[in-house]
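Colleague: Encoded as structure tokens, here's the structure I'll be asking about.
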Amino acid sequence: MKRLIFVLITAVSFSQSVTKSIALLPDTGQTASYTNTFGEDNDYSINTPSYTNNGNGTITDTVTGLMWQQVDGGEMTIENATSYCDGLVLGGFSDWRLPTPLEAFSLQILQNNNPAMNTTYFTASAAEYWWTSKFQAGDNTKVWCTNAGGGIGNHPKSETISAGGTKRFHVRAVRDMVPSIVLANHFTDNGDGTITDNLTQLTWQKVPNASAMTWEQALTYAEGLTLGSTSDWRLPNIKELQSLNDESVTNPSVNTAFFGSIGVKNYWSSTTLKPNTTNPSSAWYWNTQFGITTYDVKANSNYVICVRGNPSTLNNATVIQEDHSFKVFPNPFQSKINVSNTLGNEYFELFDESGKQLYAGKNISKQDFSSLAKGIYILKIISNIVTRSKLIKE
């Protein structure tokens with residue numbers, strides 16, 4: 001099991017809590033190469049998309065840990081979509097909801113389009129867009145939606161057919177398989193020109209490059225960057241880039257307490273727009289006025305913010321499961337964590353709410369955790385399946 005260790009120098013945290021509902025951010029699924037310049041999306045595969053068909057009308061994303069409706073619920077207004085999810089009973093579960101923009105965008109497979117999803121697991125429909133739970137900041141007439149072409153943006157809710165428009169906005173419900181946790185700090189300023197996103201476990205260049213450049217130049221710049229005593233920087237894929245977006249603010253749509261220099265600009269991703277011809281001339285970018293993702297010709301000039309990090313992945317054969325025989329006790333705990341019904345071959349990992357790993361090994365019950373601060377912790381149990389338990393330290 002490969003792990004990366006990050007050394008934080010003079011780390012500074014500003015209080016900004018955020019709900020963590022996904023275990024890991026999936027890769028874009030882009031597998032084709034569109035350039036000889038190293039650093040494109042295809043050159044990095046981190047958290048390869050992986051799904052399990054549960055045989056009951058639901059699909060489990062084994063990277064994020066979310067369960068999805070396999071066949072979307074059809075075209076409807078945003079108001080009806082909210083009511084639909086609230087009343088949905090599927091696969092024996094009734095706690096369905098509309099996804100957040102981050103969750104909805106995590107399903108996009110950028111090697112595909114129309115629809116940009118894995119149609120082996122998710123049944124294709126006539127949908128052009130799918131609703132999320134977020135309205136545009138300051139404008140309750142616009143809603144964040146993913147689209148069949150692979151992007152995400154803020155759209156008038158009146159555009160859908162049921163509201164008098166001409167486009168098809170569908171609903172796809174999601175549910176949490178394990179309880180979401182609240183991170184006390186979304187970002188950490190590492191004091192060395194880098195920012196760590198505690199939600200995705202990625203580390204970002206704090207101050208973007210001041211000059212715009214073409215897509216090919218952006219790939220070369222990112223691969224050659226040395227910052228914070230590390231040189232493993234790269235151009236982010238479009239899912240990673242979009243994960244920085246904060247839909248609660250605009251102009252720019254980011255947390256400026258940490259990314260004060262980002263401005264209202266277009267930022268290149270490493271992800272190519274899948275071409276309809278043999279000429280892959282465009283790539284995806286993120287615009288920070290509101291936070292939409294769209295594409296531009298690669299020969300045009302846009303800005304660059306670099307990323308590094310390879311968060312721990314789940315093996316494609318494992319499944320995140322909530323109904324299991326393991327019993328973790330006591331909860332709340334003070335010094336000892338015990339797990340019953342084990343076979344002796346389980347591997348345990350304990351994380352704090354920021355995602356920092358505190359323990360990894362097979363002897364969790366023999367450890368003394370009395371020195372840990374009070375708060376919320378996540379215990380991951382790895383055997384034939386992967387399970388997670390939320391613990392409270394008193």
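Every chain in the structure tokens takes a letter, A first, then B, and so on in the order presented; its residues are numbered from 1, and the ligands are numbered from 1 following the presented order.
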Can you list every residue of segment 76-128 of chain A that has an atom at most 12 Å from segment 138-159 of chain A, with its nearest atom pair and the distance in Å to one decimal, using only C-alpha atoms, ordered by chain then number, as JSON lines?

Modeller:
{"residue": "A:Met76", "atom": "CA", "partner": "A:Lys157", "partner_atom": "CA", "distance": 10.1}
{"residue": "A:Thr77", "atom": "CA", "partner": "A:Lys157", "partner_atom": "CA", "distance": 7.1}
{"residue": "A:Ile78", "atom": "CA", "partner": "A:Lys157", "partner_atom": "CA", "distance": 6.7}
{"residue": "A:Glu79", "atom": "CA", "partner": "A:Lys157", "partner_atom": "CA", "distance": 9.3}
{"residue": "A:Asn80", "atom": "CA", "partner": "A:Lys157", "partner_atom": "CA", "distance": 11.5}
{"residue": "A:Ala81", "atom": "CA", "partner": "A:Lys157", "partner_atom": "CA", "distance": 11.3}
{"residue": "A:Leu98", "atom": "CA", "partner": "A:Cys145", "partner_atom": "CA", "distance": 10.9}
{"residue": "A:Pro99", "atom": "CA", "partner": "A:Cys145", "partner_atom": "CA", "distance": 9.9}
{"residue": "A:Thr100", "atom": "CA", "partner": "A:Trp144", "partner_atom": "CA", "distance": 8.7}
{"residue": "A:Pro101", "atom": "CA", "partner": "A:Trp144", "partner_atom": "CA", "distance": 6.6}
{"residue": "A:Leu102", "atom": "CA", "partner": "A:Ile152", "partner_atom": "CA", "distance": 9.6}
{"residue": "A:Glu103", "atom": "CA", "partner": "A:Thr146", "partner_atom": "CA", "distance": 10.2}
{"residue": "A:Ala104", "atom": "CA", "partner": "A:Thr146", "partner_atom": "CA", "distance": 6.7}
{"residue": "A:Phe105", "atom": "CA", "partner": "A:Thr146", "partner_atom": "CA", "distance": 6.4}
{"residue": "A:Ser106", "atom": "CA", "partner": "A:Thr146", "partner_atom": "CA", "distance": 9.9}
{"residue": "A:Leu107", "atom": "CA", "partner": "A:Thr146", "partner_atom": "CA", "distance": 9.4}
{"residue": "A:Gln108", "atom": "CA", "partner": "A:Gly150", "partner_atom": "CA", "distance": 5.9}
{"residue": "A:Ile109", "atom": "CA", "partner": "A:Gly150", "partner_atom": "CA", "distance": 7.1}
{"residue": "A:Leu110", "atom": "CA", "partner": "A:Gly150", "partner_atom": "CA", "distance": 6.1}
{"residue": "A:Gln111", "atom": "CA", "partner": "A:Gly150", "partner_atom": "CA", "distance": 9.1}
{"residue": "A:Asn112", "atom": "CA", "partner": "A:Gly150", "partner_atom": "CA", "distance": 7.9}
{"residue": "A:Asn113", "atom": "CA", "partner": "A:Gly149", "partner_atom": "CA", "distance": 4.8}
{"residue": "A:Asn114", "atom": "CA", "partner": "A:Ala148", "partner_atom": "CA", "distance": 4.8}
{"residue": "A:Pro115", "atom": "CA", "partner": "A:Ala148", "partner_atom": "CA", "distance": 4.3}
{"residue": "A:Ala116", "atom": "CA", "partner": "A:Gly150", "partner_atom": "CA", "distance": 5.0}
{"residue": "A:Met117", "atom": "CA", "partner": "A:Ala148", "partner_atom": "CA", "distance": 7.9}
{"residue": "A:Asn118", "atom": "CA", "partner": "A:Ala148", "partner_atom": "CA", "distance": 11.5}
{"residue": "A:Thr119", "atom": "CA", "partner": "A:Ala148", "partner_atom": "CA", "distance": 11.8}
{"residue": "A:Ala124", "atom": "CA", "partner": "A:Ala148", "partner_atom": "CA", "distance": 9.9}
{"residue": "A:Ser125", "atom": "CA", "partner": "A:Ala148", "partner_atom": "CA", "distance": 9.8}
{"residue": "A:Ala126", "atom": "CA", "partner": "A:Ala148", "partner_atom": "CA", "distance": 9.3}
{"residue": "A:Ala127", "atom": "CA", "partner": "A:Ala148", "partner_atom": "CA", "distance": 7.1}
{"residue": "A:Glu128", "atom": "CA", "partner": "A:Ala148", "partner_atom": "CA", "distance": 5.2}

Colleague: Give me every strand (DSSP E) residue in segment 68-167 of chain A, going by DSSP on the backbone, as a VMD selection string.

Modeller: chain A and resid 68 to 69 129 to 136 139 to 147 152 to 156

Colleague: Using only C-alpha atoms, which of A:Thr35, A:Asn310, A:Gln70, A:Asn331 sits nearest Gly375 of chain A?

Modeller: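 When distances to Gly375 of chain A are compared using only C-alpha atoms, the smallest one comes from A:Asn331.
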
Colleague: Going by DSSP on the backbone, which bits of segment 234-296 of chain A are helix (DSSP H, G or I)? Write them as a VMD selection string, please.

Modeller: chain A and resid 238 to 242

Colleague: For the selection just defined, write its residues with C-alpha atoms to a file, as a tab-separated table (two decimals), in the first residue's frame.

Modeller:
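And here is the file that came out, result.tsv:
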chain	number	residue	atom	x	y	z
A	238	ILE	CA	-11.21	19.24	-15.00
A	239	LYS	CA	-12.75	17.41	-12.01
A	240	GLU	CA	-9.88	18.47	-9.77
A	241	LEU	CA	-10.10	22.05	-11.02
A	242	GLN	CA	-13.87	22.24	-10.55

Colleague: Ranking A:Gly344, A:Ala173, A:Tyr51, A:Ser281 by minimum distance to Ser94 of chain A and counting only C-alpha atoms, which one comes first?

Modeller: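 Of A:Gly344, A:Ala173, A:Tyr51, A:Ser281, the one nearest Ser94 of chain A is A:Ala173, counting only C-alpha atoms.
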
Colleague: Excluding same-chain residues fewer than 2 positions from segment 286-296 of chain A, what lies within 10 Å of it counting only C-alpha atoms, as a VMD selection string?

Modeller: chain A and resid 136 to 137 144 to 146 149 to 154 215 238 to 239 241 to 254 262 to 269 271 to 273 281 to 284 298 to 303

Colleague: Any idea what the distance is between atom CA of Gly260 of chain A and atom CA of Ile195 of chain A?

Modeller: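 Taking atom CA of Gly260 of chain A as the start and atom CA of Ile195 of chain A as the end point, the length is 11.5 Å.
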